[in-house]
Every structure is written in C-alpha cells, then in structure tokens.
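J.: Got a structure for you, questions after.
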Amino acid sequence: MLSRAPINEPPFRAAAVAPETFREACAQLASGVSIATVRDTAGNAHGMTISTFTPVSLDPPLVLICVDSRCALLPHFRGSSSFAVNLLEESQAELSVAFSVKPEHRFEGVEWTGGITGAPLITGAIASLECRRTSMQEAGDHWVIFGEVVNTRTAPGRPLVYFERGYRFLK
Ligand SMILES: Cc1cc2nc3c(=O)[nH]c(=O)nc-3n(C[C@H](O)[C@H](O)[C@H](O)COP(=O)(O)O)c2cc1C
C-alpha cells in the first residue's frame, strides 16, 4: 500500500530564511570564476568578476549572468548590445580579485583583445564567449542578463574554482 507523506501547504515564508543562512547554503556550491566584460558607449572596457555564468540553451546557444543592481557596470550592460564572459584559468586568481575590488583601471596591465562584437576577451582565459544581449530581467536585488553566444574561443588550462568563500584548484 502506498503511504502518503504529508505535504506542507503554501504560503511558505521566505523571510524565515535569514540572509546569512541562505549565503551559507550557497557557499556550498562550487562554481567556476569568470570575468564578464562590456564596452561603454565611449568604447572604454569594463569588467567584473562573476560566479553566476550559466549556460541556458544549446539551440539557440543562450547563456545568462546575474549582476547586482548596485553594480556600477550595470548601466554599461544596459547600454551595450553585446558582452563577453571569460572563464578564468587557475593561474588567474589575482585577476579575479582585481576585477571584484579595484574601483577603476581594472584592465591596467591585463592582456586582452576585442572580439567580433568589440567585447573584451581576456588572454589566458580557458574560454571566452561573446554574446549578443537578448534580454534583461530584474530578479530581487540582481538583474539576470541573457545573451546569445555569437563567438567562442577556448584555450588549454584548468578552471579557477570558488567554493566556501575561497579560491580552489582542481587536483
Ligand atoms: C568569486 C566572486 C564571484 C562574484 N560573482 C558575482 C556575480 O555573479 N554577480 C555580481 O553581481 N557580483 C559578483 N561578484 C562581486 C563583483 O565582482 C563586484 O561586486 C563588482 O566587481 C563590483 O563592481 P563595481 O565596484 O564596479 O560596482 C563576485 C565576486 C567574487 C570575488
């Protein structure tokens, strides 16, 4: 005979999960580290470290990134028709730090080239995906930015990993 487990009925109270408890759970997710890049209307290169790059669809090839609503780069993503995501190699932890904390001149001393869309592709990244921005969706305190991949480049190496609030290396 089938037993029927009791099912809790909504509404569940999201507010019951404290922000720190939520962060603690999310810290258990091992993710690759990327730098999302974009050009402003004057052509200047901007970039920020992200862990939220996610492939979404194969056909068409769609990806997403999540950007904090308070991020200074958000207007540049909004103002540009393209962006790129550069998946960092394990030797690029310093770049990850620079692109998350430096207030400006993040590209100083960084080797990069403009892709077919003009979006900055960082040398040494194990993969760079150039995207045409397709839509942006506000979700809580972040914006989800969707892009269709129009060009990719890969290079040998091992990924830089972020886990339990620290950089990790495979093997
Ligand atoms: C490993 C790591 C992953 C991050 N992932 C994200 C992310 O997915 N989305 C985001 O908005 N910020 C993320 N950040 C924080 C941003 O890099 C940082 O807030 C941003 O560069 C600040 O830019 P601004 O000073 O120009 O506003 C991450 C930082 C680190 C170190």
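Residue numbers start at 1 in each chain; chains themselves are named A, B, ... in the order of the structure tokens; ligands are numbered from 1 in the order shown.
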What are the closest atom pairs, with distances in Å to one decimal, for all residues of chain A lying within 10 Å of ligand 1? Consider only C-alpha atoms and all ligand atoms, order rows by chain and residue number, and present the result as a tab-separated table.
T.:
residue	atom	partner	partner_atom_place_in_ligand_line	distance
A:Ser31	CA	ligand 1	1 (C)	8.4
A:Gly32	CA	ligand 1	1 (C)	8.3
A:Val33	CA	ligand 1	1 (C)	5.8
A:Ser34	CA	ligand 1	3 (C)	7.7
A:Ile35	CA	ligand 1	17 (O)	8.0
A:Ala36	CA	ligand 1	17 (O)	9.0
A:His46	CA	ligand 1	26 (O)	8.3
A:Gly47	CA	ligand 1	21 (O)	7.2
A:Met48	CA	ligand 1	21 (O)	4.2
A:Thr49	CA	ligand 1	17 (O)	3.9
A:Ile50	CA	ligand 1	5 (N)	3.2
A:Ser51	CA	ligand 1	5 (N)	4.1
A:Thr52	CA	ligand 1	8 (O)	4.0
A:Phe53	CA	ligand 1	8 (O)	6.9
A:Thr54	CA	ligand 1	8 (O)	9.9
A:Ile65	CA	ligand 1	8 (O)	6.7
A:Cys66	CA	ligand 1	9 (N)	5.1
A:Val67	CA	ligand 1	11 (O)	3.5
A:Asp68	CA	ligand 1	11 (O)	3.7
A:Ser69	CA	ligand 1	11 (O)	7.4
A:Arg70	CA	ligand 1	27 (O)	6.4
A:Cys71	CA	ligand 1	27 (O)	3.5
A:Ala72	CA	ligand 1	27 (O)	3.8
A:Leu73	CA	ligand 1	26 (O)	5.3
A:Leu74	CA	ligand 1	27 (O)	8.0
A:Ala93	CA	ligand 1	1 (C)	9.1
A:Leu95	CA	ligand 1	31 (C)	9.8
A:Ser96	CA	ligand 1	31 (C)	6.2
A:Val97	CA	ligand 1	31 (C)	5.9
A:Ala98	CA	ligand 1	21 (O)	8.3
A:Phe99	CA	ligand 1	21 (O)	5.4
A:Ser100	CA	ligand 1	17 (O)	3.6
A:Val101	CA	ligand 1	21 (O)	6.0
A:Lys102	CA	ligand 1	25 (O)	7.0
A:Pro103	CA	ligand 1	25 (O)	5.3
A:Glu104	CA	ligand 1	26 (O)	7.5
A:Arg106	CA	ligand 1	26 (O)	9.4
A:Asp141	CA	ligand 1	11 (O)	9.4
A:His142	CA	ligand 1	11 (O)	6.9
A:Trp143	CA	ligand 1	11 (O)	8.3
A:Val144	CA	ligand 1	9 (N)	9.4
A:Leu160	CA	ligand 1	1 (C)	9.4
A:Val161	CA	ligand 1	1 (C)	8.2
A:Tyr162	CA	ligand 1	1 (C)	5.8
A:Phe163	CA	ligand 1	1 (C)	8.5
A:Arg165	CA	ligand 1	1 (C)	7.6
A:Gly166	CA	ligand 1	1 (C)	7.7
A:Tyr167	CA	ligand 1	1 (C)	7.5
J.: Could you give me the residues within chain A that DSSP places in strand (DSSP E or B), as a PyMOL selection string?
T.: chain A and resi 31-32+34-39+45-50+54-57+62-68+82-87+89+112-114+120-122+127-139+142-154+159-163+166-169
J.: Limited to C-alpha atoms, could you put the picked residues into a file as a PDB file, in the first residue's frame?
T.:
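Okay, this is what ended up in again04.pdb:
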ATOM      1  CA  SER A  31      31.426  27.359  -9.213  1.00  0.00           C
ATOM      2  CA  GLY A  32      33.780  28.415 -11.931  1.00  0.00           C
ATOM      3  CA  SER A  34      34.544  34.286 -14.809  1.00  0.00           C
ATOM      4  CA  ILE A  35      35.028  37.904 -15.742  1.00  0.00           C
ATOM      5  CA  ALA A  36      32.095  39.449 -17.587  1.00  0.00           C
ATOM      6  CA  THR A  37      33.214  42.267 -19.873  1.00  0.00           C
ATOM      7  CA  VAL A  38      31.481  45.053 -21.746  1.00  0.00           C
ATOM      8  CA  ARG A  39      32.310  48.314 -23.552  1.00  0.00           C
ATOM      9  CA  ALA A  45      36.481  48.418 -21.478  1.00  0.00           C
ATOM     10  CA  HIS A  46      34.823  47.344 -18.225  1.00  0.00           C
ATOM     11  CA  GLY A  47      34.799  44.009 -16.435  1.00  0.00           C
ATOM     12  CA  MET A  48      33.624  42.348 -13.244  1.00  0.00           C
ATOM     13  CA  THR A  49      34.219  39.018 -11.566  1.00  0.00           C
ATOM     14  CA  ILE A  50      31.175  36.755 -11.550  1.00  0.00           C
ATOM     15  CA  THR A  54      25.164  29.671 -16.602  1.00  0.00           C
ATOM     16  CA  PRO A  55      24.658  28.058 -19.992  1.00  0.00           C
ATOM     17  CA  VAL A  56      20.884  28.024 -20.616  1.00  0.00           C
ATOM     18  CA  SER A  57      20.083  26.647 -24.080  1.00  0.00           C
ATOM     19  CA  LEU A  62      21.918  31.059 -24.774  1.00  0.00           C
ATOM     20  CA  VAL A  63      23.664  31.922 -21.523  1.00  0.00           C
ATOM     21  CA  LEU A  64      22.898  34.088 -18.521  1.00  0.00           C
ATOM     22  CA  ILE A  65      24.781  36.081 -15.920  1.00  0.00           C
ATOM     23  CA  CYS A  66      23.422  37.735 -12.753  1.00  0.00           C
ATOM     24  CA  VAL A  67      24.546  41.245 -11.876  1.00  0.00           C
ATOM     25  CA  ASP A  68      23.904  43.041  -8.579  1.00  0.00           C
ATOM     26  CA  SER A  82      26.923  42.786 -26.541  1.00  0.00           C
ATOM     27  CA  PHE A  83      29.054  41.454 -23.688  1.00  0.00           C
ATOM     28  CA  ALA A  84      31.535  38.636 -23.127  1.00  0.00           C
ATOM     29  CA  VAL A  85      32.180  36.064 -20.420  1.00  0.00           C
ATOM     30  CA  ASN A  86      35.762  34.940 -19.811  1.00  0.00           C
ATOM     31  CA  LEU A  87      36.169  31.685 -17.851  1.00  0.00           C
ATOM     32  CA  GLU A  89      42.234  29.674 -15.635  1.00  0.00           C
ATOM     33  CA  TRP A 112      43.067  41.396 -23.877  1.00  0.00           C
ATOM     34  CA  THR A 113      41.730  41.768 -27.393  1.00  0.00           C
ATOM     35  CA  GLY A 114      38.412  42.999 -28.745  1.00  0.00           C
ATOM     36  CA  PRO A 120      36.973  42.414 -24.317  1.00  0.00           C
ATOM     37  CA  LEU A 121      38.348  38.850 -24.493  1.00  0.00           C
ATOM     38  CA  ILE A 122      40.928  38.221 -21.764  1.00  0.00           C
ATOM     39  CA  ALA A 127      37.088  30.003 -22.651  1.00  0.00           C
ATOM     40  CA  SER A 128      35.634  33.295 -23.834  1.00  0.00           C
ATOM     41  CA  LEU A 129      32.044  33.514 -25.010  1.00  0.00           C
ATOM     42  CA  GLU A 130      30.907  36.602 -26.873  1.00  0.00           C
ATOM     43  CA  CYS A 131      27.227  37.324 -26.618  1.00  0.00           C
ATOM     44  CA  ARG A 132      24.562  39.473 -28.188  1.00  0.00           C
ATOM     45  CA  ARG A 133      22.429  40.706 -25.310  1.00  0.00           C
ATOM     46  CA  THR A 134      18.896  39.392 -25.820  1.00  0.00           C
ATOM     47  CA  SER A 135      17.064  40.454 -22.651  1.00  0.00           C
ATOM     48  CA  MET A 136      17.399  41.585 -19.048  1.00  0.00           C
ATOM     49  CA  GLN A 137      15.119  40.549 -16.224  1.00  0.00           C
ATOM     50  CA  GLU A 138      15.051  42.069 -12.738  1.00  0.00           C
ATOM     51  CA  ALA A 139      15.086  39.360 -10.058  1.00  0.00           C
ATOM     52  CA  HIS A 142      20.003  41.315  -9.107  1.00  0.00           C
ATOM     53  CA  TRP A 143      19.442  41.578 -12.843  1.00  0.00           C
ATOM     54  CA  VAL A 144      19.581  38.443 -14.947  1.00  0.00           C
ATOM     55  CA  ILE A 145      21.189  39.264 -18.295  1.00  0.00           C
ATOM     56  CA  PHE A 146      20.596  36.813 -21.137  1.00  0.00           C
ATOM     57  CA  GLY A 147      22.830  36.597 -24.183  1.00  0.00           C
ATOM     58  CA  GLU A 148      23.000  34.635 -27.413  1.00  0.00           C
ATOM     59  CA  VAL A 149      26.509  33.327 -27.977  1.00  0.00           C
ATOM     60  CA  VAL A 150      27.877  34.612 -31.297  1.00  0.00           C
ATOM     61  CA  ASN A 151      31.538  33.649 -30.952  1.00  0.00           C
ATOM     62  CA  THR A 152      33.681  31.437 -28.718  1.00  0.00           C
ATOM     63  CA  ARG A 153      37.372  30.931 -28.097  1.00  0.00           C
ATOM     64  CA  THR A 154      38.978  28.245 -25.942  1.00  0.00           C
ATOM     65  CA  PRO A 159      39.410  26.253 -14.258  1.00  0.00           C
ATOM     66  CA  LEU A 160      39.639  28.590 -11.286  1.00  0.00           C
ATOM     67  CA  VAL A 161      37.034  27.397  -8.778  1.00  0.00           C
ATOM     68  CA  TYR A 162      35.280  29.273  -5.958  1.00  0.00           C
ATOM     69  CA  PHE A 163      33.957  27.248  -3.011  1.00  0.00           C
ATOM     70  CA  GLY A 166      37.689  30.853  -1.224  1.00  0.00           C
ATOM     71  CA  TYR A 167      39.581  30.050  -4.422  1.00  0.00           C
ATOM     72  CA  ARG A 168      40.129  26.341  -5.069  1.00  0.00           C
ATOM     73  CA  PHE A 169      42.093  24.393  -7.628  1.00  0.00           C
TER      74      PHE A 169
END
J.: I'd like to know which of A:Ile116, A:Ala125, A:Glu90, A:Ala155 is closest to Lys171 (chain A), using only C-alpha atoms.
T.: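 Looking only at the distances to Lys171 (chain A), the closest residue turns out to be A:Glu90.
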J.: For the structure I just gave you, how does DSSP split region 81-157 of chain A - specifically, which residues are alpha helix (DSSP H)? Reply as JSON, numbers by chain.
T.: {"A": [93, 94, 95, 96, 97, 98, 99, 100, 101]}
J.: Have a look at A:Leu58, A:Ala18, A:Ala42, A:Leu29 and name the one nearest to Ser80 (chain A); count only C-alpha atoms.
T.: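 Among the listed residues, the smallest separation from Ser80 (chain A) belongs to A:Ala42.
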J.: What's the separation between CA of Gly124 (chain A) and CA of Gly43 (chain A), in Å to one decimal place?
T.: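 Going from CA of Gly124 (chain A) over to CA of Gly43 (chain A) covers 22.4 Å.
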